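Let me begin by presenting the structure, written as structure tokens, before commenting on it.
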There are 2 protein chains.
Amino acid sequence: MTKMGIRTQALAVRPASCCVPIAGPDVGPGEAEAAAGLFRALADPNRVRLVNMLANAGDAVCVCDLTERIGLSQGTVSFHLKKLFGSGLIDREQRGTWAYYSLNRAALASVADVFVEGVSR
Amino acid sequence: MTKMGIRTQALAVRPASCCVPIAGPDVGPGEAEAAAGLFRALADPNRVRLVNMLANAGDAVCVCDLTERIGLSQGTVSFHLKKLFGSGLIDREQRGTWAYYSLNRAALASVADVFVEGVSR
DNA sequence: CTCCTACATCGACGGATGTCGATCCAAAGT
DNA sequence: ACTTTGGATCGACATCCGTCGATGTAGGAG
């Protein structure tokens with residue numbers, strides 16, 4: 001109990017609006033936390049691989065398929081997908097019994113904006 | 001213990017070569033770990049702020065200056081700078097008693113490449 | 001040589017993270 | 001109705017991470 005409500009990644013949920021240019025004008029504590037939250041979502045090799053799988057699939061993929069390919073327990077895969085979903089990097093769609101996840105390409109592209117701006121200012 | 005093995009976090013050190021497009025062809029476990037390592041370096045709000053400070057400074061900044069502005073203990077700032085340095089995102093230069101850190105803009109730009117759709121190749 | 005300053009490193013601590021197996025839940029099929 | 005199946009959640013555990021204060025260390029100033 002207690003820990004359930006876990007607002008675990010409440011802060012990171014905005015996919016694009018969070019993307020303050022890291023090299024732009026002064027980044028405040030709040031913006032820094034938002035940016036860090038996005039990076040945290042990608043700070044695990046298995047999540048990077050999941051994102052890569054979804055990117056290559058081009059289409060939505062069900063959890064069972066991902067679980068099989070990544071070689072982790074089903075619960076762990078769910079855990080990672082929840083983090084990615086919470087960060088806005090992937091989308092979720094329920095089709096009957098199956099849950100299909102797909103890459104949010106716009107969100108992914110917006111992460112790049114965090115860097116490019118300011119680098120070539 | 002002698003000087004210091006600056007190679008402390010050898011795994012993440014390659015700035016650009018690590019940057020496998022996250023949306024490109026199959027990312028193996030090794031490449032995923034390298035990419036995740038880079039993101040891990042930016043997965044903390046205080047490190048994001050440090051990078052931002054260095055970006056805005058345009059020039060190298062000494063640790064004492066950063067410590068004062070970020071409001072953390074000196075040891076903690078050193079800890080974060082070491083992580084950023086280990087990831088290749090920032091450079092270090094010793095000037096007498098002072099240590100000056102500066103943003104490695106090439107490395108930062110290369111992180112953006114991770115997100116670029118690999119198709120352009 | 002002695003002291004001070006700037007920085008790195010250490011020891012410790014609490015909190016977050018990744019993982020598993022087990023459990024719960026809802027939808028589908030029988 | 002019962003059973004099965006896909007997926008989310010839980011409990012427990014080991015590890016990692018961020019932070020501080022304290023200590024170590026090297027360069028400059030006196």
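Labeling convention for the structure tokens: chains A, B, ... as they appear, residues from 1 per chain, ligands from 1 in order of appearance.
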For this session: Write out as a PyMOL selection string which residues come within 7 Å of Ile22 (chain B) when counting only C-alpha atoms (C1' of nucleotides), dropping same-chain ones fewer than 5 positions away.
Result: (chain A and resi 52) or (chain B and resi 114-115)
Put those residues in a file: N, CA and C atoms, as a compact mmCIF listing (two decimals), in the first residue's frame.
```
# COMPACT_ATOMS: atom_id res chain seq x y z
N ASN A 52 13.87 0.90 -29.74
CA ASN A 52 14.42 0.52 -31.04
C ASN A 52 13.53 -0.51 -31.75
N VAL B 114 21.45 10.49 -32.25
CA VAL B 114 20.85 9.24 -31.81
C VAL B 114 19.37 9.19 -32.17
N PHE B 115 18.77 10.35 -32.22
CA PHE B 115 17.33 10.40 -32.45
C PHE B 115 16.98 10.56 -33.91
```
Exercise. Could you list, as a PyMOL selection string, every residue of chain A that has an atom within 9 Å of an atom of chain D, counting only C-alpha atoms (C1' of nucleotides)?
Worked result: chain A and resi 63-64+74-75+78-79+97-99
Exercise. Which of these, A:Ala107, A:Ala32, A:Thr76, A:Thr67, has the shortest distance to chain B once you count only C-alpha atoms?
Worked result: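 Closest to chain B of all the choices is A:Ala32.
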For chain C versus chain B, which residues have an atom no more than 12 Å away, and what is each residue's nearest atom pair and distance in Å rounded to one decimal, using only C-alpha atoms (C1' of nucleotides), chain-then-number order, as JSON lines?
```
{"residue": "C:DC4", "atom": "C1'", "partner": "B:Thr97", "partner_atom": "CA", "distance": 11.9}
{"residue": "C:DT5", "atom": "C1'", "partner": "B:Thr97", "partner_atom": "CA", "distance": 8.1}
{"residue": "C:DA6", "atom": "C1'", "partner": "B:Thr97", "partner_atom": "CA", "distance": 5.8}
{"residue": "C:DC7", "atom": "C1'", "partner": "B:Ala99", "partner_atom": "CA", "distance": 7.3}
{"residue": "C:DA8", "atom": "C1'", "partner": "B:Ser78", "partner_atom": "CA", "distance": 7.2}
{"residue": "C:DT9", "atom": "C1'", "partner": "B:Gly75", "partner_atom": "CA", "distance": 8.5}
{"residue": "C:DC10", "atom": "C1'", "partner": "B:Gly75", "partner_atom": "CA", "distance": 10.4}
```
Mind running chain A against chain B at 9 Å and telling me each contacting residue's nearest atom pair with the distance in Å (one decimal), counting only C-alpha atoms, chain and number ascending, as a tab-separated table?
```
residue	atom	partner	partner_atom	distance
A:Pro21	CA	B:Asn52	CA	8.8
A:Ile22	CA	B:Asn52	CA	5.6
A:Ala23	CA	B:Ala55	CA	5.1
A:Gly24	CA	B:Asn56	CA	7.1
A:Pro25	CA	B:Asn56	CA	6.7
A:Asp26	CA	B:Asn52	CA	6.9
A:Val27	CA	B:Arg49	CA	6.4
A:Gly28	CA	B:Arg49	CA	7.6
A:Pro29	CA	B:Pro45	CA	7.0
A:Gly30	CA	B:Pro45	CA	8.4
A:Glu31	CA	B:Pro45	CA	8.3
A:Ala32	CA	B:Pro45	CA	4.7
A:Glu33	CA	B:Pro45	CA	4.7
A:Ala34	CA	B:Pro45	CA	7.8
A:Ala35	CA	B:Pro45	CA	7.3
A:Ala36	CA	B:Ala43	CA	4.4
A:Gly37	CA	B:Ala43	CA	6.4
A:Leu38	CA	B:Ala43	CA	7.5
A:Phe39	CA	B:Ala43	CA	4.9
A:Arg40	CA	B:Ala43	CA	4.6
A:Ala41	CA	B:Ala43	CA	8.2
A:Leu42	CA	B:Ala36	CA	6.0
A:Ala43	CA	B:Ala36	CA	4.4
A:Asp44	CA	B:Ala36	CA	5.1
A:Pro45	CA	B:Glu33	CA	4.7
A:Asn46	CA	B:Ala32	CA	7.2
A:Arg47	CA	B:Ala36	CA	8.4
A:Val48	CA	B:Ala32	CA	5.8
A:Arg49	CA	B:Ala32	CA	6.1
A:Val51	CA	B:Ile22	CA	7.3
A:Asn52	CA	B:Ala23	CA	5.3
A:Met53	CA	B:Asp26	CA	7.3
A:Leu54	CA	B:Ala23	CA	8.4
A:Ala55	CA	B:Ala23	CA	5.1
A:Asn56	CA	B:Ala23	CA	6.7
A:Leu108	CA	B:Phe115	CA	6.6
A:Ala109	CA	B:Phe115	CA	6.4
A:Val111	CA	B:Phe115	CA	7.5
A:Ala112	CA	B:Ala112	CA	4.8
A:Asp113	CA	B:Ala112	CA	7.7
A:Val114	CA	B:Ala112	CA	8.1
A:Phe115	CA	B:Ala112	CA	5.9
A:Val116	CA	B:Ala109	CA	6.3
A:Gly118	CA	B:Ala55	CA	8.1
A:Val119	CA	B:Arg105	CA	6.4
A:Ser120	CA	B:Ala109	CA	8.9
```
Seminar exercise, completed: Students should find that CA of Ser87 (chain A) and C1' of DT17 (chain C) are spaced 15.9 Å
For this session: From a DSSP calculation on the backbone, collect every residue of region 5-120 of chain B in alpha helix (DSSP H) and output the set as a ChimeraX atom specification.
Result: /B:29-41,45-57,63-70,74-86,105-113
